[in-house]
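Since the structure comes first, as C-alpha cells, the remarks are kept for the end.
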Amino acid sequence: MNGQSVTRAFILAAALLMAIGSAQAFDDSKYPNLKGQWERFVVRGVPGQPSFDQTKGWGALQGAPLTPEYQAIFEENVREQDAGGLGLGADHARCVAAGMPFMMVAFRPLEFIVTPETTYIIIADYDPLRRIFTDGRDWPKEIEPTFQGYSIGKWIDTDGDGKYDVLEVETRGFKGPRVYEIRGLPLHRDNQSVFKERFYLDKNDPNLLHDEITVIDNALTRPWTVDKRYVRNPDLHAEWPESICPEYNANVVIGGENFFLSADGLLMPSRKGQLPPDVRYFDKRRE
Amino acid sequence: MIHRLVMGAAALALALLAAASGAQAFDDSEYPNFKGQWRRMPVPGVRGQISFDQHKDWGKGQGAPLTPEYQAIYEANLKTQAKGDSGEWLGISCLGFGMPIMMYGGEPIEIIITPATTYILLNWVEHGRRIYTDGRDWPEDIEPTLQGYSIGKWVDTDGDGKFDVLEVETRGFKGPRHYDASQLPLHHDNKSVFKERFYLNKNNPDILHDEITVIDNALTRPWTVVREYQRNAEVRPAWREFICAEGNGHVRIGNENYYMSADGLLMPVRKDQPPPDLRYFPWAQK
C-alpha cells in the first residue's frame, strides 16, 4: 500500500511537471507589465512641438551636439521653415514615415505587446509599428534599409529577482532622410545611425515607462542620450484613434514646393508671394 | 522512510501546482497557432486586382448581390473610372481602405493572440486591427472609423479543451468603402456589420481561413466569402516597411484627383480635366 502511494505521488508529480511544460508556452509573469495605452509624457512649459529630448524645447533648444556641417544644414532648414517652407520636415508633411527616433515621439498613444520572440510597439501613426526581435537572432547579413530600422533586443533581469525588468535594444539599417523632430533637426544622410535603447518601468511609478535612447550618428560630435517617458492611461478600455495621415493633412507637396489646402478644398500658398504650381500639362484651351 | 517519501512527493506536487498557477498568466497553448507571416493565397486564373471573393474575378465577376440602387451606383463608378478618374476611391490617395479591403493581404499579415486582444498587423495602408476578446460589451458610442470596432470571442468548437475559432463582429464604420479597386460599393449609410470566423484549415495548419459575412444595406442578402491566407514557411521572414505616401504619384486637391509627373508637375487624370482652382494666388493671375 505504501509503495503504491509513493508511486502514485511520483506519477502525480511527473504529470504536473509535464502539464507545466506544455502550459508554460509563454509565461508573461516573467516580463514587466507593459500592457495598456502609453501616452507621451508632457513636460509643462517646454516650447515648440514634441521634441526628441522632451524636457527641452524643440529645434535649437535641444542642444543637439551636431557637427558644424550639420549645424549649418539645420540652420539653413530653419531659415526655410521661417520663410513658410517645410525644410527638412517636408517628407513628414507628405505623410512619409518619420522613422527613428521621431517615430517614438508618441503623437498618438503607443501600445507594447511582449511575446518571447518579439516585442511589438504599435505606433499606428505615420509609422505603423516596430518589431524588436528578442528570439536570440544575430544581425542579418544584409538589412533592407527602412525608416524604422532593424531592431534586436534582449530582456535583462538587472536586480536578480528572476523577472526581466529591462529591454535592451539596438537598431540599425536605416534609410532617410530622417529628423529628430519636425523643426528639422537632422540625422546624418549616410543613414549609418545606431540607436541603443533601454526600456524599463519607473521604479517608483509602474505607470511611467522610460525609453532611454542613445543615438550614435555621424552628424553628432558624440553619442546623444535622452530619457523619453510615457505615461500609462488608467482607462483599461482606452480608445485607440484611427490615424490616417492624409485624412487630416493639409499639406500638398507638388514638385518640391509645399502648398496648403484651404478649408474649402482649394490650393493656397504656404508662403508670401509663392507662385502657384506649374499647370503646363493641362489643356490650355480650357482656360 | 516510505512515509517521508510520500510526503516529499506530495509536497513536490503541491509546489509544482503552486508554481504553475503563478506561471500560467497566459497559456498560449489554449489558442490555435496563428504565429508567423500570412500571405494572401492567390487563386490561379482569377482575373483583375485583388477581390473580396478571392476565388472570383474582381468587379462584376464577384457576383455581388447588390440592390438595384447600388448596382446603378456601381455602374456609374465604372463609367467615372473609364474616363481615367478614380472617383471616390480613397485608397489611391493613401486615405485608407477600411473593411473589408484592409483584410486582403496586400502586404503579409501577422496575428498576435493575447487573452484580452487579438492583433492583426496589416502592414499596408491600414496598419492593423484590434479585436477585443476581453468580454467587453459594445460601447455606447463608437467613433466611426474605416476599420470599425471589433469584438471577438474564442470558441472551442470540437470540445477538445482548446480554442479553434475566433468569432468576430465589427461595427461602427465610416466611408466611403468598397470591396475592391473597381469600386464595388458598400452602402453610404455605413451601417455595415461584418461577422468573421478565423480558423486554421483542418487538413493544413498553414492555411488560415477568414470566413466573412457582410450585412449591408447595399446588398439584397448577407454575402459570405471564405478568404484564405498561407503561412510563410520561413521561420524568420522579412517584414517590408510599406509607407503608402512614399512614391505615391496621386494627389488629391479638394474633390479632384491628379497625378504627379516624373518631373514633379501636376498632371490631369482624365481628358479635359481643368487645372486646380488657383484663386488664392492672385498675384500670379494674368
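Every chain in the C-alpha cells has a letter given in the order shown (A, B, ...), and although residue numbers restart at 1 in each chain, ligands are simply numbered from 1 in the order shown.
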Self-check item: Selection near range 233-240 of chain B, 10 Å with only C-alpha atoms, sequence-local residues under 4 positions removed, as JSON, numbers by chain
Solution: {"A": [131, 133, 135, 137, 143, 144, 145, 146, 150], "B": [35, 36, 37, 38, 107, 108, 109, 110, 123, 124, 206]}
Neighbouring residues of Val42 in chain A were defined as those with any atom within 10 Å, considering only C-alpha atoms; residues of the same chain fewer than 2 positions away were excluded. Please report them as a tab-separated table (two decimals) with C-alpha atoms, in the first residue's frame.
chain	number	residue	atom	x	y	z
A	39	GLU	CA	0.86	58.48	-23.87
A	40	ARG	CA	3.65	60.96	-24.38
A	44	ARG	CA	4.96	71.74	-18.93
A	45	GLY	CA	6.50	74.95	-20.18
A	46	VAL	CA	8.60	73.37	-22.91
A	50	PRO	CA	7.11	67.45	-29.35
A	54	GLN	CA	11.12	66.07	-24.15
A	55	THR	CA	12.50	68.11	-21.25
A	229	ARG	CA	9.00	58.89	-20.92
A	230	TYR	CA	5.47	57.65	-21.47
A	231	VAL	CA	2.53	57.65	-19.07
Exercise. Please provide as an MDAnalysis selection string all residues within 10 Å of range 191-206 of chain A, with the sequence filter that same-chain residues fewer than 6 positions apart are discarded (counting only C-alpha atoms).
Key: chainID A and resid 32:34 100:101 145:147 149 151:156 164:178 212:220 223:232
Self-check item: Close residues, Glu126 in chain B itself excluded, 8 Å, only C-alpha atoms, min 4 positions apart in chain, as number ranges by chain
Solution: A: 244; B: 96-98, 102, 122
Practice problem: Tell me which of B:Ala116, B:Lys60, B:Ile207, B:Tyr74 sits closest to Lys35 in chain A, counting only C-alpha atoms. | Solution: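 Among the listed residues, B:Ala116 lies closest to Lys35 in chain A.
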